[in-house]
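*Asks:* Take a look at coords-v1.csv, CSV, C-alpha atoms and all ligand atoms:
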chain,number,residue,atom,x,y,z
J,1,MET,CA,-46.4,32.2,-26.3
J,2,LYS,CA,-45.2,28.7,-27.0
J,3,THR,CA,-42.0,27.7,-25.2
J,4,ILE,CA,-39.6,25.7,-27.4
J,5,ILE,CA,-37.7,23.0,-25.4
J,6,GLU,CA,-34.3,21.7,-26.7
J,7,LYS,CA,-32.0,19.2,-25.0
J,8,ILE,CA,-28.3,19.9,-24.4
J,9,ARG,CA,-25.9,17.4,-22.9
J,10,GLN,CA,-23.9,18.6,-19.9
J,11,ASP,CA,-20.3,17.7,-19.2
J,12,VAL,CA,-19.4,18.0,-22.9
J,13,GLU,CA,-17.1,20.7,-24.3
J,14,VAL,CA,-18.0,19.9,-27.9
J,15,PHE,CA,-21.6,19.8,-28.9
J,16,ASN,CA,-23.1,17.8,-31.8
J,17,GLY,CA,-24.8,19.4,-34.8
J,18,GLN,CA,-28.3,19.4,-33.3
J,19,GLU,CA,-27.1,21.0,-30.1
J,20,GLU,CA,-25.1,23.7,-31.9
J,21,GLU,CA,-28.2,24.4,-33.9
J,22,ALA,CA,-30.3,24.8,-30.8
J,23,LEU,CA,-27.7,27.0,-29.1
J,24,ARG,CA,-27.4,29.2,-32.2
J,25,ARG,CA,-31.2,29.5,-32.4
J,26,ALA,CA,-31.4,30.4,-28.7
J,27,GLY,CA,-28.7,33.1,-29.2
J,28,GLY,CA,-30.7,34.5,-32.1
J,29,ILE,CA,-33.8,34.7,-29.8
J,30,ILE,CA,-31.8,36.7,-27.2
J,31,ARG,CA,-30.2,39.0,-29.8
J,32,ARG,CA,-33.8,39.8,-31.1
J,33,GLY,CA,-34.9,40.7,-27.5
J,34,GLY,CA,-36.4,37.3,-26.5
J,35,LEU,CA,-35.9,35.2,-23.4
J,36,VAL,CA,-34.2,31.8,-23.1
J,37,ALA,CA,-33.8,29.7,-19.9
J,38,PHE,CA,-30.5,27.8,-19.8
J,39,PRO,CA,-28.5,25.6,-17.5
J,40,THR,CA,-25.5,27.0,-15.6
J,41,GLU,CA,-23.3,25.2,-13.0
J,42,THR,CA,-25.2,26.9,-10.2
J,43,VAL,CA,-29.0,27.0,-11.1
J,44,TYR,CA,-31.0,27.5,-14.3
J,45,GLY,CA,-30.8,31.1,-15.6
J,46,LEU,CA,-33.4,33.2,-17.4
J,47,GLY,CA,-31.4,35.0,-20.1
J,48,GLY,CA,-32.1,38.1,-22.1
J,49,ASP,CA,-29.8,40.7,-23.8
J,50,ALA,CA,-28.2,42.6,-20.8
J,51,LEU,CA,-27.6,45.7,-23.0
J,52,ASN,CA,-31.2,45.9,-24.2
J,53,ARG,CA,-33.5,47.7,-21.6
J,54,GLU,CA,-36.5,46.1,-23.2
J,55,SER,CA,-35.1,42.6,-22.6
J,56,SER,CA,-34.5,43.3,-19.0
J,57,ARG,CA,-38.1,44.6,-18.6
J,58,ARG,CA,-39.3,41.3,-20.1
J,59,ILE,CA,-37.2,39.3,-17.6
J,60,TYR,CA,-38.8,41.1,-14.7
J,61,GLU,CA,-42.2,40.5,-16.2
J,62,ALA,CA,-41.7,36.8,-16.9
J,63,LYS,CA,-40.5,36.2,-13.3
J,64,GLY,CA,-43.0,38.5,-11.7
J,65,ARG,CA,-39.9,40.1,-10.0
J,66,PRO,CA,-39.8,43.6,-8.5
J,67,SER,CA,-37.8,45.7,-10.9
J,68,ASP,CA,-35.5,47.2,-8.2
J,69,ASN,CA,-33.9,43.7,-7.9
J,70,PRO,CA,-30.8,43.9,-10.2
J,71,LEU,CA,-29.8,41.2,-12.7
J,72,ILE,CA,-26.4,39.5,-13.0
J,73,VAL,CA,-24.7,40.0,-16.4
J,74,HIS,CA,-23.1,36.8,-17.7
J,75,ILE,CA,-20.2,37.0,-20.1
J,76,CYS,CA,-18.2,34.3,-21.9
J,77,ARG,CA,-14.7,35.9,-22.1
J,78,PHE,CA,-12.9,37.9,-19.4
J,79,GLU,CA,-12.0,40.8,-21.8
J,80,ASP,CA,-15.7,41.5,-22.3
J,81,ILE,CA,-15.9,42.8,-18.7
J,82,GLU,CA,-14.4,46.0,-20.1
J,83,THR,CA,-17.6,46.9,-22.0
J,84,ILE,CA,-19.8,46.8,-18.9
J,85,VAL,CA,-17.7,48.2,-16.1
J,86,ASP,CA,-16.1,51.6,-15.9
J,87,ARG,CA,-12.8,50.2,-14.5
J,88,VAL,CA,-11.4,46.8,-13.8
J,89,PRO,CA,-9.7,46.9,-10.3
J,90,GLU,CA,-6.7,44.7,-9.6
J,91,GLU,CA,-8.8,42.5,-7.2
J,92,ALA,CA,-11.2,41.7,-10.0
J,93,VAL,CA,-8.4,40.4,-12.1
J,94,ARG,CA,-7.1,38.2,-9.3
J,95,ILE,CA,-10.6,36.9,-8.5
J,96,ALA,CA,-11.2,36.1,-12.1
J,97,ASP,CA,-7.9,34.3,-12.4
J,98,ALA,CA,-8.8,32.2,-9.4
J,99,PHE,CA,-12.5,31.5,-9.8
J,100,TRP,CA,-13.6,32.2,-13.4
J,101,PRO,CA,-15.1,30.5,-15.2
J,102,GLY,CA,-17.2,29.6,-12.1
J,103,PRO,CA,-19.8,30.2,-9.5
J,104,LEU,CA,-18.6,33.7,-8.4
J,105,THR,CA,-20.3,37.1,-9.2
J,106,MET,CA,-18.5,40.4,-8.8
J,107,ILE,CA,-20.1,43.8,-8.2
J,108,LEU,CA,-18.3,46.7,-10.0
J,109,HIS,CA,-19.2,50.2,-11.1
J,110,LYS,CA,-21.1,50.0,-14.3
J,111,SER,CA,-20.3,51.6,-17.7
J,112,GLU,CA,-22.8,53.6,-19.7
J,113,ARG,CA,-23.5,50.6,-21.9
J,114,VAL,CA,-25.5,48.9,-19.2
J,115,PRO,CA,-29.0,50.2,-18.9
J,116,TYR,CA,-30.5,51.0,-15.5
J,117,GLU,CA,-33.2,48.5,-16.3
J,118,THR,CA,-30.6,45.7,-16.0
J,119,THR,CA,-29.1,47.0,-12.7
J,120,GLY,CA,-32.4,47.8,-11.0
J,121,GLY,CA,-31.5,51.5,-11.1
J,122,LEU,CA,-28.0,51.1,-9.5
J,123,ASP,CA,-24.7,52.5,-10.7
J,124,THR,CA,-23.1,49.2,-10.1
J,125,VAL,CA,-23.3,46.0,-12.1
J,126,ALA,CA,-23.0,42.3,-11.2
J,127,VAL,CA,-20.8,40.2,-13.5
J,128,ARG,CA,-20.2,36.5,-13.8
J,129,LEU,CA,-18.4,34.2,-16.2
J,130,PRO,CA,-20.1,30.8,-15.8
J,131,ALA,CA,-18.2,27.5,-16.2
J,132,HIS,CA,-21.1,25.5,-17.8
J,133,PRO,CA,-20.1,24.9,-21.5
J,134,ALA,CA,-23.6,25.3,-22.9
J,135,ALA,CA,-24.1,28.6,-21.0
J,136,ARG,CA,-20.9,30.0,-22.4
J,137,ARG,CA,-21.7,28.9,-25.9
J,138,LEU,CA,-25.2,30.5,-25.6
J,139,ILE,CA,-23.7,33.8,-24.3
J,140,GLU,CA,-21.3,33.8,-27.3
J,141,TYR,CA,-24.2,33.3,-29.8
J,142,SER,CA,-26.3,35.9,-27.9
J,143,GLY,CA,-23.7,38.7,-28.5
J,144,GLY,CA,-21.7,38.4,-25.3
J,145,TYR,CA,-23.8,39.9,-22.5
J,146,VAL,CA,-26.7,37.9,-21.1
J,147,ALA,CA,-28.6,39.2,-18.1
J,148,ALA,CA,-29.8,36.2,-16.2
J,149,PRO,CA,-31.5,35.8,-12.8
J,150,SER,CA,-32.6,32.4,-11.7
J,151,ALA,CA,-35.3,31.0,-14.0
J,152,ASN,CA,-38.0,30.7,-11.3
J,153,LEU,CA,-41.1,32.7,-10.6
J,154,SER,CA,-40.2,35.3,-8.0
J,155,GLY,CA,-40.3,33.9,-4.5
J,156,ARG,CA,-40.1,30.2,-5.5
J,157,PRO,CA,-37.0,28.0,-5.1
J,158,SER,CA,-34.4,28.4,-7.9
J,159,PRO,CA,-34.7,25.7,-10.5
J,160,THR,CA,-32.0,23.0,-10.5
J,161,GLU,CA,-33.7,20.9,-13.3
J,162,ALA,CA,-35.4,21.9,-16.5
J,163,ARG,CA,-38.7,20.5,-15.4
J,164,TYR,CA,-38.8,23.0,-12.6
J,165,VAL,CA,-38.1,25.8,-15.1
J,166,ALA,CA,-41.0,24.5,-17.2
J,167,GLU,CA,-43.3,24.4,-14.1
J,168,ASP,CA,-42.7,28.1,-13.5
J,169,MET,CA,-42.0,29.5,-17.0
J,170,ASP,CA,-43.8,27.5,-19.6
J,171,GLY,CA,-45.6,29.9,-21.9
J,172,ARG,CA,-43.8,32.9,-20.5
J,173,ILE,CA,-40.5,32.6,-22.3
J,174,ASP,CA,-39.4,31.8,-25.9
J,175,MET,CA,-37.1,28.8,-25.2
J,176,LEU,CA,-35.8,26.4,-22.6
J,177,LEU,CA,-32.5,24.6,-23.0
J,178,ASP,CA,-32.8,21.4,-21.0
J,179,GLY,CA,-29.3,20.4,-19.7
J,180,GLY,CA,-30.5,18.0,-17.0
J,181,GLN,CA,-29.7,18.5,-13.3
J,182,VAL,CA,-27.2,21.3,-12.5
J,183,GLY,CA,-24.0,20.6,-10.6
J,184,ILE,CA,-23.9,23.0,-7.6
J,185,GLY,CA,-27.6,23.7,-7.0
J,186,LEU,CA,-27.2,27.0,-5.1
J,187,GLU,CA,-26.7,30.5,-6.7
J,188,SER,CA,-23.3,32.1,-7.1
J,189,THR,CA,-21.3,33.8,-4.4
J,190,ILE,CA,-21.7,37.6,-4.8
J,191,VAL,CA,-18.7,39.8,-3.8
J,192,ASP,CA,-19.0,43.5,-3.9
J,193,LEU,CA,-15.7,45.1,-5.0
J,194,THR,CA,-16.9,48.7,-4.9
J,195,VAL,CA,-16.3,48.8,-1.1
J,196,LYS,CA,-13.2,48.3,1.0
J,197,PRO,CA,-12.7,45.7,2.2
J,198,PRO,CA,-14.7,43.8,-0.4
J,199,GLN,CA,-17.9,42.4,1.0
J,200,ILE,CA,-19.7,39.1,0.4
J,201,LEU,CA,-23.4,39.9,-0.2
J,202,ARG,CA,-24.5,36.3,-0.8
J,203,PRO,CA,-22.6,33.2,0.2
J,204,GLY,CA,-22.1,30.4,-2.3
J,205,TYR,CA,-19.7,27.7,-3.4
J,206,VAL,CA,-16.8,30.1,-3.3
J,207,THR,CA,-16.3,30.7,0.4
J,208,GLU,CA,-14.9,33.6,2.4
J,209,GLU,CA,-11.8,31.6,3.2
J,210,MET,CA,-11.2,30.9,-0.5
J,211,LEU,CA,-11.5,34.6,-1.3
J,212,ASN,CA,-9.2,35.5,1.6
J,213,ARG,CA,-6.5,33.5,0.0
J,214,VAL,CA,-6.8,35.4,-3.2
J,215,ILE,CA,-7.5,39.1,-2.1
J,216,GLY,CA,-6.9,39.1,1.6
J,217,GLU,CA,-9.5,40.6,4.0
J,218,VAL,CA,-13.2,40.4,3.0
J,219,ASP,CA,-16.3,41.2,5.0
J,220,THR,CA,-19.5,39.3,5.0
J,221,ASP,CA,-22.9,41.1,5.0
J,222,VAL,CA,-24.3,40.6,8.5
J,223,THR,CA,-27.8,40.0,7.2
J,224,ILE,CA,-26.7,36.7,5.6
J,225,LEU,CA,-27.5,34.5,8.6
J,226,HIS,CA,-29.4,36.8,10.9
J,227,LYS,CA,-32.7,38.3,10.4
J,228,ASP,CA,-32.6,40.5,13.6
J,229,SER,CA,-30.5,43.2,12.2
J,230,ASP,CA,-31.4,46.9,11.5
J,231,GLN,CA,-29.4,46.8,8.4
J,232,ALA,CA,-31.0,46.2,5.0
J,233,PRO,CA,-29.2,43.5,2.9
J,234,LYS,CA,-26.7,45.1,0.5
J,235,ALA,CA,-27.8,42.8,-2.4
J,236,PRO,CA,-31.3,44.1,-3.0
J,237,GLY,CA,-32.6,40.7,-4.0
J,238,MET,CA,-31.7,39.3,-0.6
J,239,LYS,CA,-34.4,41.2,1.2
J,240,TYR,CA,-37.2,39.4,-0.6
J,241,ARG,CA,-38.7,36.2,0.8
J,242,HIS,CA,-37.0,33.8,-1.4
J,243,TYR,CA,-36.4,30.2,-2.1
J,244,ALA,CA,-39.6,29.5,-0.3
J,245,PRO,CA,-41.8,26.4,-0.4
J,246,LYS,CA,-45.6,26.9,-0.2
J,247,GLY,CA,-45.8,25.0,3.1
J,248,GLU,CA,-44.6,26.5,6.4
J,249,LEU,CA,-41.0,25.4,7.0
J,250,VAL,CA,-39.4,25.2,10.4
J,251,ILE,CA,-35.7,24.4,11.0
J,252,VAL,CA,-34.8,22.3,14.1
J,253,GLU,CA,-31.3,22.8,15.5
J,254,GLY,CA,-29.5,20.8,18.2
J,255,GLU,CA,-27.7,17.5,18.8
J,256,PRO,CA,-28.6,15.2,15.9
J,257,ASP,CA,-30.3,12.3,17.9
J,258,ARG,CA,-32.4,14.7,19.9
J,259,VAL,CA,-33.3,16.7,16.8
J,260,ALA,CA,-34.8,13.6,15.2
J,261,ALA,CA,-37.0,12.9,18.3
J,262,TYR,CA,-38.2,16.5,18.4
J,263,ILE,CA,-38.9,16.7,14.7
J,264,ASN,CA,-41.1,13.5,15.0
J,265,ARG,CA,-42.9,15.0,17.9
J,266,PHE,CA,-43.6,18.3,16.2
J,267,ALA,CA,-44.7,16.5,13.0
J,268,ALA,CA,-47.1,14.3,15.0
J,269,GLU,CA,-48.5,17.4,16.7
J,270,ALA,CA,-49.0,19.1,13.3
J,271,ALA,CA,-50.6,15.9,11.9
J,272,ALA,CA,-53.0,15.9,14.9
J,273,GLN,CA,-54.1,19.4,13.9
J,274,GLY,CA,-55.0,18.0,10.5
J,275,LYS,CA,-51.9,19.3,8.7
J,276,ARG,CA,-50.1,17.4,5.9
J,277,THR,CA,-46.6,17.0,7.2
J,278,GLY,CA,-43.1,16.7,5.6
J,279,ILE,CA,-39.6,16.2,7.0
J,280,ILE,CA,-36.3,17.1,5.4
J,281,GLY,CA,-33.5,14.9,6.8
J,282,THR,CA,-30.2,13.3,5.9
J,283,SER,CA,-29.2,9.7,5.2
J,284,GLU,CA,-28.0,9.2,8.7
J,285,SER,CA,-31.3,9.9,10.3
J,286,LEU,CA,-33.9,9.3,7.6
J,287,ALA,CA,-35.1,5.9,8.9
J,288,GLN,CA,-36.2,7.4,12.2
J,289,TYR,CA,-38.6,9.9,10.7
J,290,ARG,CA,-42.4,9.6,10.6
J,291,ALA,CA,-44.4,12.0,8.5
J,292,ASP,CA,-46.6,12.1,5.4
J,293,VAL,CA,-43.6,12.9,3.2
J,294,VAL,CA,-39.9,12.3,4.2
J,295,LYS,CA,-37.2,13.6,1.9
J,296,CYS,CA,-33.4,13.1,2.0
J,297,LEU,CA,-30.8,15.7,1.1
J,298,GLY,CA,-28.0,13.2,1.1
J,299,GLU,CA,-25.3,12.4,3.7
J,300,ARG,CA,-24.7,15.1,6.3
J,301,SER,CA,-21.0,15.0,5.7
J,302,ASP,CA,-21.5,15.6,1.9
J,303,GLU,CA,-22.3,19.3,1.7
J,304,GLU,CA,-22.3,19.2,-2.1
J,305,SER,CA,-25.1,16.7,-2.2
J,306,ILE,CA,-27.1,18.7,0.4
J,307,ALA,CA,-26.7,21.9,-1.7
J,308,ARG,CA,-27.6,20.1,-5.0
J,309,ASN,CA,-30.8,18.6,-3.6
J,310,LEU,CA,-32.1,21.4,-1.4
J,311,TYR,CA,-34.2,23.3,-3.9
J,312,SER,CA,-35.5,20.2,-5.5
J,313,VAL,CA,-36.6,18.8,-2.1
J,314,LEU,CA,-38.4,22.1,-1.3
J,315,ARG,CA,-40.2,21.9,-4.6
J,316,GLN,CA,-41.1,18.3,-4.1
J,317,MET,CA,-42.7,19.3,-0.8
J,318,ASP,CA,-44.9,21.6,-2.9
J,319,GLU,CA,-45.7,18.9,-5.4
J,320,GLU,CA,-46.8,16.7,-2.5
J,321,GLN,CA,-48.9,19.6,-1.0
J,322,VAL,CA,-47.2,19.5,2.3
J,323,GLU,CA,-48.5,22.2,4.7
J,324,ARG,CA,-45.9,21.9,7.5
J,325,ILE,CA,-42.3,21.0,7.0
J,326,TYR,CA,-39.5,20.3,9.5
J,327,SER,CA,-35.9,20.3,8.5
J,328,GLU,CA,-32.6,19.4,10.1
J,329,SER,CA,-30.1,22.2,10.5
J,330,PHE,CA,-26.5,22.4,9.1
J,331,ALA,CA,-23.2,23.7,10.3
J,332,ALA,CA,-22.9,27.3,8.8
J,333,GLN,CA,-19.2,27.2,8.0
J,334,GLY,CA,-17.5,27.2,4.6
J,335,PHE,CA,-20.0,26.1,1.9
J,336,GLY,CA,-22.4,25.3,4.7
J,337,GLN,CA,-22.9,29.0,5.2
J,338,ALA,CA,-24.6,29.1,1.7
J,339,ILE,CA,-26.8,26.1,2.6
J,340,MET,CA,-27.9,27.7,5.9
J,341,ASN,CA,-28.5,31.1,4.2
J,342,ARG,CA,-30.9,29.6,1.7
J,343,LEU,CA,-32.6,27.3,4.2
J,344,LEU,CA,-33.1,30.1,6.7
J,345,LYS,CA,-34.6,32.3,4.0
J,346,ALA,CA,-36.9,29.5,2.9
J,347,ALA,CA,-38.0,29.1,6.5
J,348,GLY,CA,-38.5,32.9,6.9
J,349,HIS,CA,-35.9,32.4,9.8
J,350,LYS,CA,-38.2,30.1,11.8
J,351,VAL,CA,-35.8,28.1,13.9
J,352,VAL,CA,-36.4,25.9,17.0
J,353,LYS,CA,-33.3,25.4,19.1
J,354,ILE,CA,-33.3,22.2,21.2
J,355,GLU,CA,-31.4,22.8,24.4
J,356,ARG,CA,-28.8,20.4,25.6
J,357,GLU,CA,-30.0,18.0,28.2
J,358,ASN,CA,-28.5,18.5,31.7
J,359,PRO,CA,-26.0,15.8,32.5
J,401,LIG,P1,-30.4,35.9,-9.0
J,401,LIG,O1,-30.2,36.5,-10.4
J,401,LIG,O2,-31.7,35.3,-8.8
J,401,LIG,O3,-29.2,35.0,-8.7
J,401,LIG,O4,-30.3,37.2,-8.1
J,401,LIG,C1,-29.3,38.1,-8.3
J,401,LIG,C2,-28.8,38.6,-7.0
J,401,LIG,O5,-27.7,39.5,-7.3
J,401,LIG,C3,-29.9,39.4,-6.3
J,401,LIG,O6,-29.8,39.1,-4.9
J,401,LIG,C4,-29.4,40.9,-6.5
J,401,LIG,O7,-29.9,41.7,-5.5
J,401,LIG,C5,-27.9,40.7,-6.6
J,401,LIG,N1,-27.3,41.8,-7.4
J,401,LIG,C6,-27.3,42.0,-8.7
J,401,LIG,N2,-26.7,43.1,-9.1
J,401,LIG,C7,-26.3,43.7,-7.9
J,401,LIG,C8,-25.7,45.0,-7.6
J,401,LIG,N3,-25.3,45.8,-8.6
J,401,LIG,N4,-25.5,45.3,-6.3
J,401,LIG,C9,-25.8,44.4,-5.4
J,401,LIG,N5,-26.4,43.2,-5.6
J,401,LIG,C10,-26.7,42.9,-6.8
J,402,MG,MG,-33.1,34.2,-7.8
Please go through the file and, once you have read it, give me the structure as structure tokens.

*Replies:*
Amino acid sequence: MKTIIEKIRQDVEVFNGQEEEALRRAGGIIRRGGLVAFPTETVYGLGGDALNRESSRRIYEAKGRPSDNPLIVHICRFEDIETIVDRVPEEAVRIADAFWPGPLTMILHKSERVPYETTGGLDTVAVRLPAHPAARRLIEYSGGYVAAPSANLSGRPSPTEARYVAEDMDGRIDMLLDGGQVGIGLESTIVDLTVKPPQILRPGYVTEEMLNRVIGEVDTDVTILHKDSDQAPKAPGMKYRHYAPKGELVIVEGEPDRVAAYINRFAAEAAAQGKRTGIIGTSESLAQYRADVVKCLGERSDEESIARNLYSVLRQMDEEQVERIYSESFAAQGFGQAIMNRLLKAAGHKVVKIERENP
């Protein structure tokens, strides 16, 4: 299969004739059961018709993804939620008012219209109304219901730029809409509204505190930051090794100046064993690091930059064929919880804690 690539500008609400044409063509592909990768504000999605079981099967096949891992259904108008859920609870309306369009996914009981192929066999469905104008236009041209997981091969970091989609999906999908680098860079927050109190299954840009202000009490799935739990994650996808670079990644936690010294020492030891080494740091500490490849996520205080660059830096470590990677750690509060959730998964929860020095 030849993958057609078309460019779409981001941050425009009105598209030019060529872009409209590309979006209309992409919508036609999805209506006919094909697959189109497209930019959203979180990461690139791999879209197919959510109401067509054959399309969902194709998505799993293209990603090499286990078919018990459900897909998020993307809509472009709030009213369309009625078609795919059995009932819209009051909290869903309040959450939509506050966070849609945007990086927030709700889990609700599904209607009969949604095939089990799309929900990985579950009676619930994940729904999101994205903010990205090209994504919304594409959904409209596709008939209104686009199932879209992240557009990476299963197990690889989610793509934040079209070239990463092409790396994984070229020849496996019909079309790729290239909208440049995405804005947020981490997948949507997932909140399950079928339980009381509602529960966050995956942290994202919309934090627990933000949800508290809109719907009161919410729980967070305990498996988000801890591996040592008997409980299986509630979002089936969260159990898979995810977001991972090919090299072995280790997170080093502790006081910043001591962390840099330790990371350099670990990297030197790995290099002495003949390993190609990489370090993931922040602007503040970057000059101190010594390794084959040193990459910067941005300023430590700028969580948005850290989130936006994380997956790209993990992929660059692969491009540079790094075998052992050391990364700084981040405060797991607010949006930082989403950053640490992804980083911990990428590292398979390998964390070295540097103890405080005795005074
Ligand atoms: P991705 O599409 O790559 O962002 O992954 C979608 C995530 O949503 C996966 O972690 C899924 O397990 C989760 N998800 C989708 N539908 C449901 C559902 N009905 N219940 C729980 N989690 C879901
Ligand atoms: Mg994914």

*Asks:* Kindly compile the residues surrounding ligand MG 402 (chain J) within 12 Å, counting all atoms listed in the file, and format them as JSON, numbers by chain.

*Replies:* {"J": [42, 43, 44, 45, 46, 59, 60, 63, 64, 65, 66, 69, 70, 71, 72, 148, 149, 150, 151, 152, 153, 154, 155, 156, 157, 158, 159, 160, 185, 186, 187, 188, 202, 235, 236, 237, 238, 239, 240, 241, 242, 243, 244, 311, 342]}

*Asks:* Can those selected residues be exported to a file as a short mmCIF file (atom, residue, chain, number, x, y, z; two decimals), in the frame of the given file so that it contains C-alpha atoms?

*Replies:*
data_model
loop_
_atom_site.label_atom_id
_atom_site.label_comp_id
_atom_site.auth_asym_id
_atom_site.auth_seq_id
_atom_site.Cartn_x
_atom_site.Cartn_y
_atom_site.Cartn_z
CA THR J 42 -25.20 26.90 -10.20
CA VAL J 43 -29.00 27.00 -11.10
CA TYR J 44 -31.00 27.50 -14.30
CA GLY J 45 -30.80 31.10 -15.60
CA LEU J 46 -33.40 33.20 -17.40
CA ILE J 59 -37.20 39.30 -17.60
CA TYR J 60 -38.80 41.10 -14.70
CA LYS J 63 -40.50 36.20 -13.30
CA GLY J 64 -43.00 38.50 -11.70
CA ARG J 65 -39.90 40.10 -10.00
CA PRO J 66 -39.80 43.60 -8.50
CA ASN J 69 -33.90 43.70 -7.90
CA PRO J 70 -30.80 43.90 -10.20
CA LEU J 71 -29.80 41.20 -12.70
CA ILE J 72 -26.40 39.50 -13.00
CA ALA J 148 -29.80 36.20 -16.20
CA PRO J 149 -31.50 35.80 -12.80
CA SER J 150 -32.60 32.40 -11.70
CA ALA J 151 -35.30 31.00 -14.00
CA ASN J 152 -38.00 30.70 -11.30
CA LEU J 153 -41.10 32.70 -10.60
CA SER J 154 -40.20 35.30 -8.00
CA GLY J 155 -40.30 33.90 -4.50
CA ARG J 156 -40.10 30.20 -5.50
CA PRO J 157 -37.00 28.00 -5.10
CA SER J 158 -34.40 28.40 -7.90
CA PRO J 159 -34.70 25.70 -10.50
CA THR J 160 -32.00 23.00 -10.50
CA GLY J 185 -27.60 23.70 -7.00
CA LEU J 186 -27.20 27.00 -5.10
CA GLU J 187 -26.70 30.50 -6.70
CA SER J 188 -23.30 32.10 -7.10
CA ARG J 202 -24.50 36.30 -0.80
CA ALA J 235 -27.80 42.80 -2.40
CA PRO J 236 -31.30 44.10 -3.00
CA GLY J 237 -32.60 40.70 -4.00
CA MET J 238 -31.70 39.30 -0.60
CA LYS J 239 -34.40 41.20 1.20
CA TYR J 240 -37.20 39.40 -0.60
CA ARG J 241 -38.70 36.20 0.80
CA HIS J 242 -37.00 33.80 -1.40
CA TYR J 243 -36.40 30.20 -2.10
CA ALA J 244 -39.60 29.50 -0.30
CA TYR J 311 -34.20 23.30 -3.90
CA ARG J 342 -30.90 29.60 1.70
#

*Asks:* Need to verify the contact set: Met175 of chain J, 10 Å, only C-alpha atoms, exclusion of same-chain residues closer than 5 positions in sequence. Can you return it as a list of chain:residue names?

*Replies:*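 So the residues in contact are J:Met1, J:Lys2, J:Thr3, J:Ile4, J:Ile5, J:Glu6, J:Ala22, J:Arg25, J:Ala26, J:Ile29, J:Ile30, J:Gly34, J:Leu35, J:Val36, J:Ala37, J:Phe38, J:Leu46, J:Gly47, J:Ala166, J:Met169, J:Asp170.
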
*Asks:* Please dump the current selection as a short mmCIF file (atom, residue, chain, number, x, y, z; two decimals), keeping the file's coordinate frame; keep C-alpha atoms.

*Replies:*
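result-v7.cif, freshly written:
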data_model
loop_
_atom_site.label_atom_id
_atom_site.label_comp_id
_atom_site.auth_asym_id
_atom_site.auth_seq_id
_atom_site.Cartn_x
_atom_site.Cartn_y
_atom_site.Cartn_z
CA MET J 1 -46.40 32.20 -26.30
CA LYS J 2 -45.20 28.70 -27.00
CA THR J 3 -42.00 27.70 -25.20
CA ILE J 4 -39.60 25.70 -27.40
CA ILE J 5 -37.70 23.00 -25.40
CA GLU J 6 -34.30 21.70 -26.70
CA ALA J 22 -30.30 24.80 -30.80
CA ARG J 25 -31.20 29.50 -32.40
CA ALA J 26 -31.40 30.40 -28.70
CA ILE J 29 -33.80 34.70 -29.80
CA ILE J 30 -31.80 36.70 -27.20
CA GLY J 34 -36.40 37.30 -26.50
CA LEU J 35 -35.90 35.20 -23.40
CA VAL J 36 -34.20 31.80 -23.10
CA ALA J 37 -33.80 29.70 -19.90
CA PHE J 38 -30.50 27.80 -19.80
CA LEU J 46 -33.40 33.20 -17.40
CA GLY J 47 -31.40 35.00 -20.10
CA ALA J 166 -41.00 24.50 -17.20
CA MET J 169 -42.00 29.50 -17.00
CA ASP J 170 -43.80 27.50 -19.60
#

*Asks:* Between J:Ala260, J:Ile139, J:Ile325, J:Val146, which is the closest to ligand LIG 401 (chain J) once you count all atoms listed in the file?

*Replies:* J:Val146

*Asks:* What does the structure give for the distance between atom CA of Leu176 of chain J and atom O6 of ligand LIG 401 (chain J), in Å to one decimal?

*Replies:*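 Distance between the two atoms: 22.6 Å.
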
*Asks:* Grab the atom CA of Ile224 of chain J to atom CA of Asn341 of chain J distance for me, in Å with one decimal place.

*Replies:* 6.0 Å

*Asks:* Separation of atom CA of Ala96 of chain J and atom CA of Ile200 of chain J, in Å?

*Replies:* 15.4 Å

*Asks:* Quick one: of J:Ile173, J:Leu51, J:Pro103, J:Arg137, who's nearest to Val14 of chain J, counting all atoms listed in the file?

*Replies:*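 Among the listed residues, the smallest separation from Val14 of chain J belongs to J:Arg137.
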